[in-house]
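Quick notes on the structure that follows.
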Amino acid sequence: MTELIRKIKTLIYSLPLFLFSLPIYAHYAIYIDAGSSGSRLYLYQYENTKPLATINTVFSKKVTPGLSSFQNSPEKANISMKELLDSVTGLLKNINLQAIPVNILSTGGMRLLTIENQTKIYTSLKNFIKKNYPFTIGEIKTI
């Protein structure tokens with residue numbers, strides 16, 4: 001998929017946020033796909049309907065570099081997460097942010113780091129999110 005198509009999809013997904021207020025009755029979850037080349041944040045809106053939940057992607061954003069590049073300075077990983085979380089926080093007006101879990105699921109590059117270095121980065125991220133955002137901490141791990 002080309003970069004242009006990705007940008008168009010991001011615009012399409014985020015357009016409703018600018019045209020309408022987000023419904024207060026919906027549930028939201030943030031997932032950050034932390035790959036080797038960068039981290040991609042996805043904001044999902046869902047409703048618990050039976051038999052299957054309805055899930056929609058309402059916003060996405062990517063930053064570089066990947067989390068594994070911060071193995072020698074884990075606190076700098078917070079900078080990339082700040083850009084992602086600040087962008088989504090500004091979109092969630094009139095929403096209880098404490099009810100929104102932030103999940104950071106790492107792949108690629110983080111698998112190459114020692115468990116000790118992974119833990120340092122994840123601990124720094126958890127502390128940063130707790131200190132600076134009202135979100136609930138979800139899963140933060142290498143998958």
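Chain identifiers are assigned as A, B, and so on, following the order in which chains appear in the structure tokens; residues are numbered from 1 within each chain, and ligands are numbered from 1 in order of appearance.
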Pick out each residue of chain A that DSSP on the backbone tags as strand (DSSP E); I need them as a PDB file with N, CA, C and O atoms, in the first residue's frame.
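The file below, out_20.pdb, is the result:
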ATOM      1  N   HIS A  27     -18.026   3.442  23.298  1.00  0.00           N
ATOM      2  CA  HIS A  27     -16.804   3.072  24.014  1.00  0.00           C
ATOM      3  C   HIS A  27     -15.631   3.292  23.080  1.00  0.00           C
ATOM      4  O   HIS A  27     -15.753   3.176  21.867  1.00  0.00           O
ATOM      5  N   TYR A  28     -14.461   3.550  23.668  1.00  0.00           N
ATOM      6  CA  TYR A  28     -13.268   3.802  22.875  1.00  0.00           C
ATOM      7  C   TYR A  28     -12.101   3.003  23.435  1.00  0.00           C
ATOM      8  O   TYR A  28     -12.050   2.703  24.630  1.00  0.00           O
ATOM      9  N   ALA A  29     -11.160   2.692  22.569  1.00  0.00           N
ATOM     10  CA  ALA A  29      -9.918   2.033  22.980  1.00  0.00           C
ATOM     11  C   ALA A  29      -8.804   2.528  22.072  1.00  0.00           C
ATOM     12  O   ALA A  29      -9.033   2.791  20.883  1.00  0.00           O
ATOM     13  N   ILE A  30      -7.626   2.680  22.654  1.00  0.00           N
ATOM     14  CA  ILE A  30      -6.449   3.098  21.898  1.00  0.00           C
ATOM     15  C   ILE A  30      -5.484   1.921  21.840  1.00  0.00           C
ATOM     16  O   ILE A  30      -5.154   1.326  22.868  1.00  0.00           O
ATOM     17  N   TYR A  31      -5.062   1.610  20.625  1.00  0.00           N
ATOM     18  CA  TYR A  31      -4.044   0.589  20.412  1.00  0.00           C
ATOM     19  C   TYR A  31      -2.887   1.222  19.663  1.00  0.00           C
ATOM     20  O   TYR A  31      -3.098   1.910  18.671  1.00  0.00           O
ATOM     21  N   ILE A  32      -1.695   0.976  20.160  1.00  0.00           N
ATOM     22  CA  ILE A  32      -0.495   1.468  19.494  1.00  0.00           C
ATOM     23  C   ILE A  32       0.295   0.250  19.041  1.00  0.00           C
ATOM     24  O   ILE A  32       0.713  -0.575  19.860  1.00  0.00           O
ATOM     25  N   ASP A  33       0.440   0.145  17.730  1.00  0.00           N
ATOM     26  CA  ASP A  33       1.222  -0.918  17.113  1.00  0.00           C
ATOM     27  C   ASP A  33       2.646  -0.404  17.022  1.00  0.00           C
ATOM     28  O   ASP A  33       2.963   0.435  16.183  1.00  0.00           O
ATOM     29  N   ALA A  34       3.486  -0.871  17.921  1.00  0.00           N
ATOM     30  CA  ALA A  34       4.861  -0.381  18.000  1.00  0.00           C
ATOM     31  C   ALA A  34       5.773  -1.346  17.247  1.00  0.00           C
ATOM     32  O   ALA A  34       6.247  -2.336  17.799  1.00  0.00           O
ATOM     33  N   SER A  39       5.717   3.695  15.275  1.00  0.00           N
ATOM     34  CA  SER A  39       4.556   3.354  16.096  1.00  0.00           C
ATOM     35  C   SER A  39       3.314   3.969  15.469  1.00  0.00           C
ATOM     36  O   SER A  39       3.326   5.129  15.070  1.00  0.00           O
ATOM     37  N   ARG A  40       2.265   3.175  15.375  1.00  0.00           N
ATOM     38  CA  ARG A  40       1.010   3.620  14.797  1.00  0.00           C
ATOM     39  C   ARG A  40      -0.089   3.536  15.841  1.00  0.00           C
ATOM     40  O   ARG A  40      -0.328   2.468  16.400  1.00  0.00           O
ATOM     41  N   LEU A  41      -0.721   4.671  16.109  1.00  0.00           N
ATOM     42  CA  LEU A  41      -1.824   4.734  17.064  1.00  0.00           C
ATOM     43  C   LEU A  41      -3.131   4.585  16.293  1.00  0.00           C
ATOM     44  O   LEU A  41      -3.313   5.201  15.247  1.00  0.00           O
ATOM     45  N   TYR A  42      -4.019   3.767  16.842  1.00  0.00           N
ATOM     46  CA  TYR A  42      -5.366   3.604  16.295  1.00  0.00           C
ATOM     47  C   TYR A  42      -6.362   3.869  17.418  1.00  0.00           C
ATOM     48  O   TYR A  42      -6.251   3.280  18.498  1.00  0.00           O
ATOM     49  N   LEU A  43      -7.310   4.741  17.164  1.00  0.00           N
ATOM     50  CA  LEU A  43      -8.413   4.983  18.093  1.00  0.00           C
ATOM     51  C   LEU A  43      -9.617   4.253  17.533  1.00  0.00           C
ATOM     52  O   LEU A  43     -10.051   4.520  16.410  1.00  0.00           O
ATOM     53  N   TYR A  44     -10.130   3.307  18.318  1.00  0.00           N
ATOM     54  CA  TYR A  44     -11.306   2.544  17.916  1.00  0.00           C
ATOM     55  C   TYR A  44     -12.509   2.981  18.727  1.00  0.00           C
ATOM     56  O   TYR A  44     -12.402   3.235  19.930  1.00  0.00           O
ATOM     57  N   GLN A  45     -13.643   3.046  18.066  1.00  0.00           N
ATOM     58  CA  GLN A  45     -14.926   3.300  18.713  1.00  0.00           C
ATOM     59  C   GLN A  45     -15.712   2.004  18.569  1.00  0.00           C
ATOM     60  O   GLN A  45     -15.743   1.402  17.494  1.00  0.00           O
ATOM     61  N   TYR A  46     -16.331   1.566  19.665  1.00  0.00           N
ATOM     62  CA  TYR A  46     -17.086   0.320  19.568  1.00  0.00           C
ATOM     63  C   TYR A  46     -18.326   0.375  20.444  1.00  0.00           C
ATOM     64  O   TYR A  46     -18.416   1.159  21.385  1.00  0.00           O
ATOM     65  N   GLU A  47     -19.270  -0.451  20.083  1.00  0.00           N
ATOM     66  CA  GLU A  47     -20.490  -0.629  20.855  1.00  0.00           C
ATOM     67  C   GLU A  47     -20.644  -2.110  21.123  1.00  0.00           C
ATOM     68  O   GLU A  47     -20.434  -2.929  20.228  1.00  0.00           O
ATOM     69  N   THR A  54     -19.739  -3.840  17.275  1.00  0.00           N
ATOM     70  CA  THR A  54     -19.475  -2.997  16.118  1.00  0.00           C
ATOM     71  C   THR A  54     -18.233  -2.169  16.438  1.00  0.00           C
ATOM     72  O   THR A  54     -18.206  -1.455  17.434  1.00  0.00           O
ATOM     73  N   ILE A  55     -17.208  -2.286  15.586  1.00  0.00           N
ATOM     74  CA  ILE A  55     -15.940  -1.597  15.828  1.00  0.00           C
ATOM     75  C   ILE A  55     -15.609  -0.734  14.615  1.00  0.00           C
ATOM     76  O   ILE A  55     -15.664  -1.200  13.483  1.00  0.00           O
ATOM     77  N   ASN A  56     -15.259   0.529  14.883  1.00  0.00           N
ATOM     78  CA  ASN A  56     -14.873   1.453  13.821  1.00  0.00           C
ATOM     79  C   ASN A  56     -13.560   2.129  14.178  1.00  0.00           C
ATOM     80  O   ASN A  56     -13.358   2.541  15.320  1.00  0.00           O
ATOM     81  N   THR A  57     -12.683   2.267  13.195  1.00  0.00           N
ATOM     82  CA  THR A  57     -11.465   3.045  13.373  1.00  0.00           C
ATOM     83  C   THR A  57     -11.826   4.499  13.101  1.00  0.00           C
ATOM     84  O   THR A  57     -12.315   4.822  12.036  1.00  0.00           O
ATOM     85  N   VAL A  58     -11.603   5.377  14.087  1.00  0.00           N
ATOM     86  CA  VAL A  58     -11.974   6.775  13.910  1.00  0.00           C
ATOM     87  C   VAL A  58     -10.764   7.699  13.761  1.00  0.00           C
ATOM     88  O   VAL A  58     -10.914   8.843  13.358  1.00  0.00           O
ATOM     89  N   PHE A  59      -9.579   7.187  14.072  1.00  0.00           N
ATOM     90  CA  PHE A  59      -8.388   8.022  13.951  1.00  0.00           C
ATOM     91  C   PHE A  59      -7.162   7.125  13.942  1.00  0.00           C
ATOM     92  O   PHE A  59      -7.124   6.090  14.614  1.00  0.00           O
ATOM     93  N   SER A  60      -6.160   7.523  13.179  1.00  0.00           N
ATOM     94  CA  SER A  60      -4.875   6.833  13.231  1.00  0.00           C
ATOM     95  C   SER A  60      -3.757   7.825  12.917  1.00  0.00           C
ATOM     96  O   SER A  60      -3.979   8.825  12.238  1.00  0.00           O
ATOM     97  N   LYS A  61      -2.589   7.512  13.456  1.00  0.00           N
ATOM     98  CA  LYS A  61      -1.428   8.381  13.234  1.00  0.00           C
ATOM     99  C   LYS A  61      -0.168   7.554  13.445  1.00  0.00           C
ATOM    100  O   LYS A  61      -0.129   6.673  14.301  1.00  0.00           O
ATOM    101  N   LYS A  62       0.863   7.856  12.668  1.00  0.00           N
ATOM    102  CA  LYS A  62       2.134   7.143  12.773  1.00  0.00           C
ATOM    103  C   LYS A  62       3.270   8.108  13.095  1.00  0.00           C
ATOM    104  O   LYS A  62       3.272   9.245  12.628  1.00  0.00           O
ATOM    105  N   VAL A  63       4.206   7.635  13.920  1.00  0.00           N
ATOM    106  CA  VAL A  63       5.442   8.369  14.196  1.00  0.00           C
ATOM    107  C   VAL A  63       6.620   7.415  14.018  1.00  0.00           C
ATOM    108  O   VAL A  63       6.476   6.202  14.121  1.00  0.00           O
ATOM    109  N   PRO A 101      -8.774   2.725  27.565  1.00  0.00           N
ATOM    110  CA  PRO A 101      -7.491   2.054  27.774  1.00  0.00           C
ATOM    111  C   PRO A 101      -6.506   2.354  26.650  1.00  0.00           C
ATOM    112  O   PRO A 101      -6.887   2.482  25.487  1.00  0.00           O
ATOM    113  N   VAL A 102      -5.231   2.485  27.033  1.00  0.00           N
ATOM    114  CA  VAL A 102      -4.146   2.622  26.063  1.00  0.00           C
ATOM    115  C   VAL A 102      -3.368   1.309  26.097  1.00  0.00           C
ATOM    116  O   VAL A 102      -2.872   0.895  27.142  1.00  0.00           O
ATOM    117  N   ASN A 103      -3.288   0.668  24.941  1.00  0.00           N
ATOM    118  CA  ASN A 103      -2.568  -0.590  24.785  1.00  0.00           C
ATOM    119  C   ASN A 103      -1.409  -0.362  23.829  1.00  0.00           C
ATOM    120  O   ASN A 103      -1.604   0.191  22.742  1.00  0.00           O
ATOM    121  N   ILE A 104      -0.212  -0.763  24.237  1.00  0.00           N
ATOM    122  CA  ILE A 104       0.962  -0.658  23.372  1.00  0.00           C
ATOM    123  C   ILE A 104       1.475  -2.073  23.143  1.00  0.00           C
ATOM    124  O   ILE A 104       1.946  -2.733  24.066  1.00  0.00           O
ATOM    125  N   LEU A 105       1.329  -2.526  21.900  1.00  0.00           N
ATOM    126  CA  LEU A 105       1.725  -3.883  21.550  1.00  0.00           C
ATOM    127  C   LEU A 105       2.882  -3.801  20.558  1.00  0.00           C
ATOM    128  O   LEU A 105       2.733  -3.291  19.452  1.00  0.00           O
ATOM    129  N   SER A 106       4.031  -4.288  20.996  1.00  0.00           N
ATOM    130  CA  SER A 106       5.249  -4.186  20.198  1.00  0.00           C
ATOM    131  C   SER A 106       5.518  -5.468  19.440  1.00  0.00           C
ATOM    132  O   SER A 106       5.194  -6.559  19.893  1.00  0.00           O
ATOM    133  N   THR A 136      -6.539   4.950  31.025  1.00  0.00           N
ATOM    134  CA  THR A 136      -6.260   3.723  31.757  1.00  0.00           C
ATOM    135  C   THR A 136      -5.129   2.996  31.039  1.00  0.00           C
ATOM    136  O   THR A 136      -5.106   2.948  29.811  1.00  0.00           O
ATOM    137  N   ILE A 137      -4.204   2.435  31.794  1.00  0.00           N
ATOM    138  CA  ILE A 137      -3.125   1.658  31.195  1.00  0.00           C
ATOM    139  C   ILE A 137      -3.670   0.268  30.893  1.00  0.00           C
ATOM    140  O   ILE A 137      -4.163  -0.431  31.775  1.00  0.00           O
ATOM    141  N   GLY A 138      -3.583  -0.113  29.640  1.00  0.00           N
ATOM    142  CA  GLY A 138      -3.990  -1.459  29.222  1.00  0.00           C
ATOM    143  C   GLY A 138      -2.763  -2.350  29.156  1.00  0.00           C
ATOM    144  O   GLY A 138      -1.891  -2.294  30.014  1.00  0.00           O
ATOM    145  N   GLU A 139      -2.681  -3.127  28.102  1.00  0.00           N
ATOM    146  CA  GLU A 139      -1.539  -4.007  27.913  1.00  0.00           C
ATOM    147  C   GLU A 139      -0.395  -3.233  27.270  1.00  0.00           C
ATOM    148  O   GLU A 139      -0.588  -2.506  26.314  1.00  0.00           O
ATOM    149  N   ILE A 140       0.780  -3.405  27.837  1.00  0.00           N
ATOM    150  CA  ILE A 140       1.990  -2.840  27.245  1.00  0.00           C
ATOM    151  C   ILE A 140       3.013  -3.963  27.257  1.00  0.00           C
ATOM    152  O   ILE A 140       3.527  -4.340  28.317  1.00  0.00           O
ATOM    153  N   LYS A 141       3.226  -4.522  26.065  1.00  0.00           N
ATOM    154  CA  LYS A 141       4.086  -5.703  26.002  1.00  0.00           C
ATOM    155  C   LYS A 141       4.519  -5.997  24.572  1.00  0.00           C
ATOM    156  O   LYS A 141       4.005  -5.408  23.618  1.00  0.00           O
ATOM    157  N   THR A 142       5.450  -6.932  24.460  1.00  0.00           N
ATOM    158  CA  THR A 142       5.884  -7.430  23.171  1.00  0.00           C
ATOM    159  C   THR A 142       5.038  -8.659  22.843  1.00  0.00           C
ATOM    160  O   THR A 142       4.839  -9.524  23.693  1.00  0.00           O
TER     161      THR A 142
END
Got a sec: who's within 10 Å of Met110 of chain A, counting only C-alpha atoms, leaving out chain neighbours fewer than 3 positions off, as a list in words?
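Counting only the stated atoms, we get Ala34, Gly35, Ser36, Gly66, Leu67, Ser68, Ser69, Phe70, Gln71, Leu105, Ser106, Thr107, Leu113, Thr114, Ile115, Asn117, Gln118, Ile121, Lys141, Thr142 and Ile143 of chain A.
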For the structure I just gave you, how does DSSP split segment 22-125 of chain A - specifically, which residues are alpha helix (DSSP H)? Reply as a list in words.
Ala77, Asn78, Ile79, Ser80, Met81, Lys82, Glu83, Leu84, Leu85, Asp86, Ser87, Val88, Thr89, Gly108, Gly109, Met110, Arg111, Ile115, Glu116, Asn117, Gln118, Thr119, Lys120, Ile121, Tyr122, Thr123, Ser124 and Leu125 of chain A
